[in-house]
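Coordinates as given in start-v3.cif (mmCIF, C-alpha atoms and all ligand atoms):
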```
data_run
#
loop_
_atom_site.label_atom_id
_atom_site.label_comp_id
_atom_site.auth_asym_id
_atom_site.auth_seq_id
_atom_site.Cartn_x
_atom_site.Cartn_y
_atom_site.Cartn_z
CA MET A 8 40.82 -30.34 4.73
CA ASP A 9 41.37 -26.59 4.80
CA ALA A 10 43.23 -24.61 7.42
CA SER A 11 40.09 -23.37 9.18
CA LEU A 12 38.74 -26.92 9.52
CA ASN A 13 42.07 -28.05 10.93
CA ARG A 14 41.90 -25.21 13.42
CA ARG A 15 38.32 -26.06 14.37
CA SER A 16 39.25 -29.69 14.82
CA PHE A 17 42.17 -28.67 16.99
CA LEU A 18 40.05 -26.36 19.13
CA GLY A 19 37.43 -29.08 19.43
CA SER A 20 40.09 -31.47 20.68
CA VAL A 21 41.26 -28.91 23.23
CA ALA A 22 37.67 -28.49 24.44
CA VAL A 23 37.23 -32.22 24.84
CA VAL A 24 40.49 -32.54 26.77
CA ALA A 25 39.58 -29.59 29.00
CA ALA A 26 36.13 -31.04 29.68
CA ALA A 27 37.65 -34.38 30.52
CA GLY A 28 40.02 -32.67 32.90
CA ASN A 29 37.13 -30.96 34.62
CA ALA A 30 35.28 -34.24 34.95
CA PHE A 31 38.20 -35.67 36.93
CA GLY A 32 38.63 -32.60 39.05
CA GLN A 33 41.95 -31.69 37.46
CA ALA A 34 41.18 -28.48 35.58
CA GLN A 35 40.91 -26.25 38.65
CA LYS A 36 44.30 -27.43 39.90
CA SER A 37 46.18 -26.81 36.64
CA PRO A 38 47.99 -23.45 36.64
CA GLY A 39 48.50 -23.59 32.88
CA LEU A 40 44.87 -23.40 31.69
CA THR A 41 44.02 -20.29 29.66
CA PRO A 42 41.07 -18.36 31.11
CA ALA A 43 37.98 -18.03 28.93
CA PRO A 44 38.20 -15.03 26.58
CA PRO A 45 36.01 -12.04 27.43
CA PRO A 46 32.68 -11.90 25.59
CA ALA A 47 32.68 -10.15 22.22
CA PRO A 48 31.66 -6.51 22.38
CA PRO A 49 28.02 -5.94 21.39
CA ALA A 50 27.31 -4.89 17.81
CA PRO A 51 26.82 -1.15 17.40
CA THR A 52 23.18 -0.29 18.06
CA GLY A 53 22.95 2.92 16.09
CA PRO A 54 22.45 5.28 14.50
CA PHE A 55 20.17 3.15 12.29
CA THR A 56 17.66 0.54 13.43
CA LEU A 57 15.65 -2.22 11.77
CA PRO A 58 12.06 -1.03 11.26
CA PRO A 59 9.34 -3.57 12.05
CA LEU A 60 7.42 -5.16 9.20
CA PRO A 61 4.14 -3.26 8.79
CA TYR A 62 2.22 -6.58 8.60
CA PRO A 63 2.73 -10.19 9.77
CA PRO A 64 5.22 -12.28 7.75
CA ASP A 65 2.45 -14.40 6.23
CA ALA A 66 0.33 -11.39 5.18
CA LEU A 67 1.58 -11.39 1.58
CA GLU A 68 0.90 -15.05 0.84
CA PRO A 69 0.56 -16.58 -1.62
CA SER A 70 2.57 -14.03 -3.62
CA ILE A 71 5.42 -14.01 -1.06
CA ASP A 72 5.64 -16.81 1.48
CA ALA A 73 6.05 -16.24 5.22
CA GLU A 74 9.43 -17.94 5.54
CA THR A 75 10.90 -15.75 2.81
CA MET A 76 9.56 -12.66 4.58
CA ARG A 77 10.98 -13.76 7.96
CA ILE A 78 14.45 -14.36 6.53
CA HIS A 79 14.38 -11.38 4.19
CA HIS A 80 13.43 -8.93 6.95
CA GLY A 81 14.88 -10.57 10.06
CA LYS A 82 18.19 -11.72 8.58
CA HIS A 83 19.01 -9.86 5.36
CA HIS A 84 17.63 -6.42 6.21
CA ALA A 85 18.89 -6.76 9.78
CA ALA A 86 22.37 -7.54 8.47
CA TYR A 87 22.38 -4.42 6.30
CA VAL A 88 21.50 -2.31 9.35
CA ASN A 89 24.11 -3.97 11.57
CA ASN A 90 26.83 -3.76 8.94
CA LEU A 91 26.01 -0.11 8.22
CA ASN A 92 26.21 0.78 11.91
CA ALA A 93 29.48 -1.15 12.25
CA ALA A 94 30.99 0.68 9.26
CA LEU A 95 29.94 4.04 10.68
CA ALA A 96 30.94 3.42 14.30
CA PRO A 97 34.60 4.52 13.98
CA LEU A 98 33.59 7.54 11.91
CA ILE A 99 31.02 8.60 14.48
CA ALA A 100 33.59 8.08 17.24
CA GLY A 101 35.80 10.43 15.24
CA GLY A 102 33.14 13.13 15.14
CA LEU A 103 31.05 12.33 12.05
CA THR A 104 27.45 13.55 12.27
CA VAL A 105 25.03 11.19 10.51
CA ASP A 106 21.71 12.33 9.06
CA PRO A 107 19.17 10.01 10.71
CA ASP A 108 17.04 9.92 7.51
CA ILE A 109 18.57 7.04 5.55
CA ASP A 110 17.16 8.41 2.28
CA VAL A 111 19.08 11.63 2.86
CA PHE A 112 22.16 9.92 4.23
CA ILE A 113 22.70 7.77 1.12
CA THR A 114 22.89 10.89 -1.04
CA LYS A 115 26.05 11.93 0.85
CA ILE A 116 28.16 8.79 0.55
CA SER A 117 30.75 10.55 -1.61
CA THR A 118 31.61 12.82 1.35
CA LEU A 119 32.78 9.84 3.46
CA PRO A 120 36.35 8.50 3.57
CA ALA A 121 37.06 6.46 0.44
CA ASP A 122 37.75 3.24 2.34
CA LYS A 123 34.26 3.34 3.90
CA GLN A 124 32.22 4.24 0.84
CA THR A 125 31.68 0.73 -0.53
CA ALA A 126 30.46 -0.69 2.79
CA VAL A 127 28.17 2.27 3.34
CA ARG A 128 26.92 2.16 -0.25
CA ASN A 129 26.03 -1.54 -0.06
CA ASN A 130 24.60 -1.60 3.45
CA GLY A 131 23.14 1.90 3.50
CA GLY A 132 21.49 1.22 0.15
CA GLY A 133 20.26 -2.11 1.49
CA HIS A 134 18.72 -0.42 4.52
CA ALA A 135 17.09 2.34 2.46
CA ASN A 136 15.77 0.04 -0.24
CA HIS A 137 14.29 -2.54 2.13
CA SER A 138 12.76 0.06 4.45
CA LEU A 139 10.94 1.36 1.38
CA PHE A 140 10.10 -2.08 -0.03
CA TRP A 141 8.11 -3.24 3.01
CA LYS A 142 5.92 -0.13 2.79
CA LEU A 143 5.30 -0.60 -0.93
CA LEU A 144 3.65 -3.97 -0.31
CA ALA A 145 0.33 -4.78 1.34
CA PRO A 146 -1.85 -7.87 1.80
CA LYS A 147 -3.90 -8.76 -1.26
CA GLY A 148 -6.97 -6.53 -1.48
CA LYS A 149 -5.58 -3.99 1.03
CA GLY A 150 -3.33 -1.93 -1.22
CA GLY A 151 -6.00 0.13 -2.98
CA GLU A 152 -5.72 1.34 -6.56
CA PRO A 153 -3.38 3.77 -8.32
CA SER A 154 -4.58 7.37 -8.01
CA LYS A 155 -6.08 9.11 -11.02
CA ASP A 156 -3.03 11.35 -11.28
CA LEU A 157 -0.67 8.36 -11.24
CA VAL A 158 -2.72 6.49 -13.85
CA ALA A 159 -2.70 9.59 -16.06
CA ALA A 160 1.08 9.89 -15.73
CA ILE A 161 1.55 6.19 -16.51
CA ASP A 162 -0.62 6.61 -19.61
CA ARG A 163 1.33 9.70 -20.67
CA ASP A 164 4.89 8.57 -19.95
CA LEU A 165 4.79 4.78 -20.12
CA GLY A 166 2.05 3.90 -22.61
CA GLY A 167 -0.55 2.70 -20.12
CA MET A 168 -0.76 0.30 -17.19
CA ASP A 169 -0.20 -2.91 -19.15
CA LYS A 170 2.92 -1.61 -20.87
CA PHE A 171 4.19 -0.18 -17.59
CA LYS A 172 3.86 -3.55 -15.80
CA GLU A 173 5.45 -5.36 -18.72
CA ALA A 174 8.37 -2.92 -18.75
CA ILE A 175 9.11 -3.05 -15.01
CA GLU A 176 8.90 -6.86 -15.07
CA LYS A 177 11.27 -6.91 -18.03
CA ALA A 178 13.73 -4.60 -16.26
CA GLY A 179 13.69 -6.86 -13.22
CA ALA A 180 14.02 -10.08 -15.20
CA ALA A 181 16.89 -8.65 -17.26
CA ARG A 182 18.87 -7.48 -14.23
CA PHE A 183 21.94 -9.73 -14.26
CA GLY A 184 22.73 -11.00 -10.78
CA SER A 185 21.19 -9.00 -7.96
CA GLY A 186 19.45 -5.65 -7.97
CA TRP A 187 16.20 -3.75 -8.19
CA SER A 188 13.61 -2.68 -10.73
CA TRP A 189 12.15 0.79 -10.12
CA LEU A 190 9.42 3.22 -11.10
CA ILE A 191 10.88 6.68 -10.49
CA VAL A 192 9.92 10.30 -10.89
CA THR A 193 12.74 11.99 -12.77
CA PRO A 194 14.03 15.51 -11.98
CA GLU A 195 11.94 16.60 -15.02
CA LYS A 196 8.80 15.22 -13.25
CA LYS A 197 8.37 12.37 -15.70
CA LEU A 198 7.86 8.73 -14.85
CA ALA A 199 10.60 6.32 -15.87
CA ILE A 200 11.50 2.68 -15.32
CA VAL A 201 15.08 1.92 -14.35
CA SER A 202 17.07 -0.90 -12.84
CA THR A 203 19.96 -0.69 -10.38
CA PRO A 204 22.59 -3.30 -9.51
CA ASN A 205 23.29 -4.59 -6.01
CA GLN A 206 21.75 -2.24 -3.42
CA ASP A 207 22.17 0.96 -5.40
CA SER A 208 19.23 3.35 -5.13
CA PRO A 209 18.03 5.88 -7.70
CA LEU A 210 18.40 8.38 -4.86
CA MET A 211 22.18 7.99 -4.89
CA GLY A 212 22.52 9.83 -8.15
CA ASP A 213 26.29 9.70 -8.47
CA ALA A 214 28.96 8.81 -10.98
CA GLN A 215 29.08 5.19 -9.85
CA MET A 216 25.54 4.50 -11.10
CA GLU A 217 25.15 2.52 -14.30
CA LYS A 218 24.22 4.57 -17.34
CA ASN A 219 20.71 3.09 -17.51
CA ALA A 220 20.06 3.63 -13.82
CA ALA A 221 18.68 7.15 -14.16
CA THR A 222 18.47 9.02 -10.92
CA GLY A 223 15.24 10.24 -9.42
CA THR A 224 12.73 9.61 -6.65
CA PRO A 225 11.70 5.95 -6.39
CA ILE A 226 7.96 5.48 -5.91
CA LEU A 227 7.86 1.71 -6.55
CA GLY A 228 10.75 -0.70 -6.19
CA ILE A 229 10.87 -4.44 -6.71
CA ASP A 230 13.65 -6.43 -5.08
CA VAL A 231 15.00 -8.99 -7.56
CA TRP A 232 17.73 -10.44 -5.35
CA GLU A 233 17.32 -14.21 -5.09
CA HIS A 234 16.74 -13.87 -1.35
CA ALA A 235 13.45 -12.13 -2.19
CA TYR A 236 11.90 -15.09 -4.00
CA TYR A 237 14.09 -18.19 -4.23
CA LEU A 238 12.42 -20.33 -1.52
CA LYS A 239 9.10 -20.24 -3.37
CA TYR A 240 10.01 -19.53 -6.97
CA GLN A 241 13.56 -20.95 -7.26
CA ASN A 242 14.90 -19.79 -10.64
CA ARG A 243 11.52 -18.46 -11.84
CA ARG A 244 12.13 -14.76 -11.23
CA PRO A 245 9.56 -13.76 -13.92
CA ASP A 246 6.83 -15.67 -12.02
CA TYR A 247 7.69 -13.77 -8.83
CA LEU A 248 7.54 -10.49 -10.75
CA LYS A 249 4.05 -11.29 -12.04
CA ALA A 250 2.78 -12.46 -8.63
CA ILE A 251 3.92 -9.34 -6.84
CA TRP A 252 1.26 -7.18 -8.50
CA ASP A 253 -1.33 -8.76 -6.17
CA VAL A 254 0.44 -7.25 -3.16
CA VAL A 255 1.52 -3.80 -4.36
CA ASN A 256 0.42 -1.04 -2.00
CA TRP A 257 -0.92 1.39 -4.57
CA ASN A 258 -2.04 3.79 -1.85
CA GLU A 259 1.60 4.16 -0.81
CA VAL A 260 2.88 4.38 -4.40
CA SER A 261 0.28 7.04 -5.23
CA SER A 262 1.13 9.03 -2.11
CA ARG A 263 4.82 8.93 -3.00
CA TYR A 264 4.03 10.03 -6.54
CA ALA A 265 2.10 13.06 -5.27
CA LYS A 266 4.93 14.04 -2.91
CA ALA A 267 7.58 13.62 -5.59
CA MET A 268 5.66 15.91 -7.93
CA GLN A 269 5.52 18.59 -5.24
CA LYS A 270 9.27 18.62 -4.56
FE FE A 301 16.19 -7.90 -0.41
#
```
Could you write out this structure as structure tokens?
Ligand SMILES: [Fe+2]
Amino acid sequence: MDASLNRRSFLGSVAVVAAAGNAFGQAQKSPGLTPAPPPAPPAPTGPFTLPPLPYPPDALEPSIDAETMRIHHGKHHAAYVNNLNAALAPLIAGGLTVDPDIDVFITKISTLPADKQTAVRNNGGGHANHSLFWKLLAPKGKGGEPSKDLVAAIDRDLGGMDKFKEAIEKAGAARFGSGWSWLIVTPEKKLAIVSTPNQDSPLMGDAQMEKNAATGTPILGIDVWEHAYYLKYQNRRPDYLKAIWDVVNWNEVSSRYAKAMQK
């Protein structure tokens, strides 16, 4: 039995004894009982908040099941937001001004104190990536088609739609551990497929990025963390990557492509 279990067992015993004392009317008379501790302070509520899903949790079935969506959004994404706010709270109390646009904020991580950068990188990236991911998906039949300009760019830079899909699936399947597969617009206004580890974003564009994780503007991102697919697909990540095409919001991807080309 480990130390924490021993401690839990001990505390449980104390609780039972205290309850028994109460039942016999003895607890109120004992001067030695420790008063209940004050409630934990509430988690920081800002500056970032969890955005609502833009559709019901079951809207992406059968590609992505409702339970996965509930946990992914309500637990995992929520945790990234809470942890990010918690990491920033002492800095904000010390006078830090935070850009409320998470996509802008994560480009400035290197300006933060060194001991905060990892927490902000992981949780800020998690918040940015998931906020984008929900918008890039849509119920089957509701996501439209890629714009003519986007199709032309895919033909020009990636060898056509079939090769593009094959390449982004391959990048996601090959990602060791957890991460993302992306379609980005590079600073040279070309399309490229890259993969990032953990919750790194192509927007971060710093020295900590892997060599193959070229920086740019993400216009499509596929979450390949196990939490995104494991309930339905277990170890079959490639099957998840194929099924997700039915729920890509091409209207959103096309709009993001047009904006990235105008930057
Ligand atoms: Fe995720």
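The closest residue to ligand FE 301 (chain A), picked from A:Ala250, A:Val88, A:Val231, A:Leu119 and counting all atoms listed in the file, is A:Val231.
The smallest atom-to-atom distance between Gly131 in chain A and any of A:His84, A:Lys170, A:Lys155, A:Lys177, using all atoms listed in the file, is found for A:His84.
With distances restricted to only C-alpha atoms, A:Ala126 is the closest residue to Gln206 in chain A from A:Ala85, A:Leu144, A:Ala126, A:Val158.
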Point to revise | Spatial neighbours of range 93-105 of chain A, 9 Å, only C-alpha atoms, chain gap at least 6 places, as a ChimeraX atom specification | key: /A:50-54,112,119-120,123,126-127,130
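Here CA of Pro146 in chain A is placed at a distance of 25.1 Å from CA of Gly132 in chain A.
As for CA of Ile161 in chain A and CA of Ala199 in chain A, they are spaced 9.1 Å apart.
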Point to revise | Contacts of ligand FE 301 (chain A), 7 Å or closer, only C-alpha atoms and all ligand atoms, given as a PyMOL selection string | key: chain A and resi 79+83-84+137+230+232+234-235
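Closest approach to Lys266 in chain A among A:Lys239, A:Trp189, A:His80, A:Leu157: A:Leu157, based on all atoms listed in the file.
Straight-line separation from CA of Ser208 in chain A to CA of Asn258 in chain A: 21.5 Å.
For the set A:Ile251, A:Ile113, A:Val260, A:Ala265, the residue with the smallest atom-to-atom gap to Glu68 in chain A is A:Ile251, counting all atoms listed in the file.
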Exercise for review: Neighbourhood query: residues within 10 Å of (11.8, -0.7, 10.8), file coordinates, counting all atoms listed in the file; return as a VMD selection string.
Suggested key: chain A and resid 55 to 61 80 84 to 85 88 134 137 to 139 141 to 142
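Counting all atoms listed in the file, the residue from A:Tyr236, A:Tyr264, A:Phe171, A:Phe140 that sits nearest to Ile71 in chain A is A:Tyr236.
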Exercise for review: Place a sphere of radius 12 Å on (6.3, -8.8, -10.5) in the file coordinates and name every protein, DNA or RNA residue with an atom inside or on its surface, counting all atoms listed in the file; give the answer as number ranges by chain.
Suggested key: A: 70-71, 144, 171-180, 187-189, 227-231, 235-236, 240, 243-255
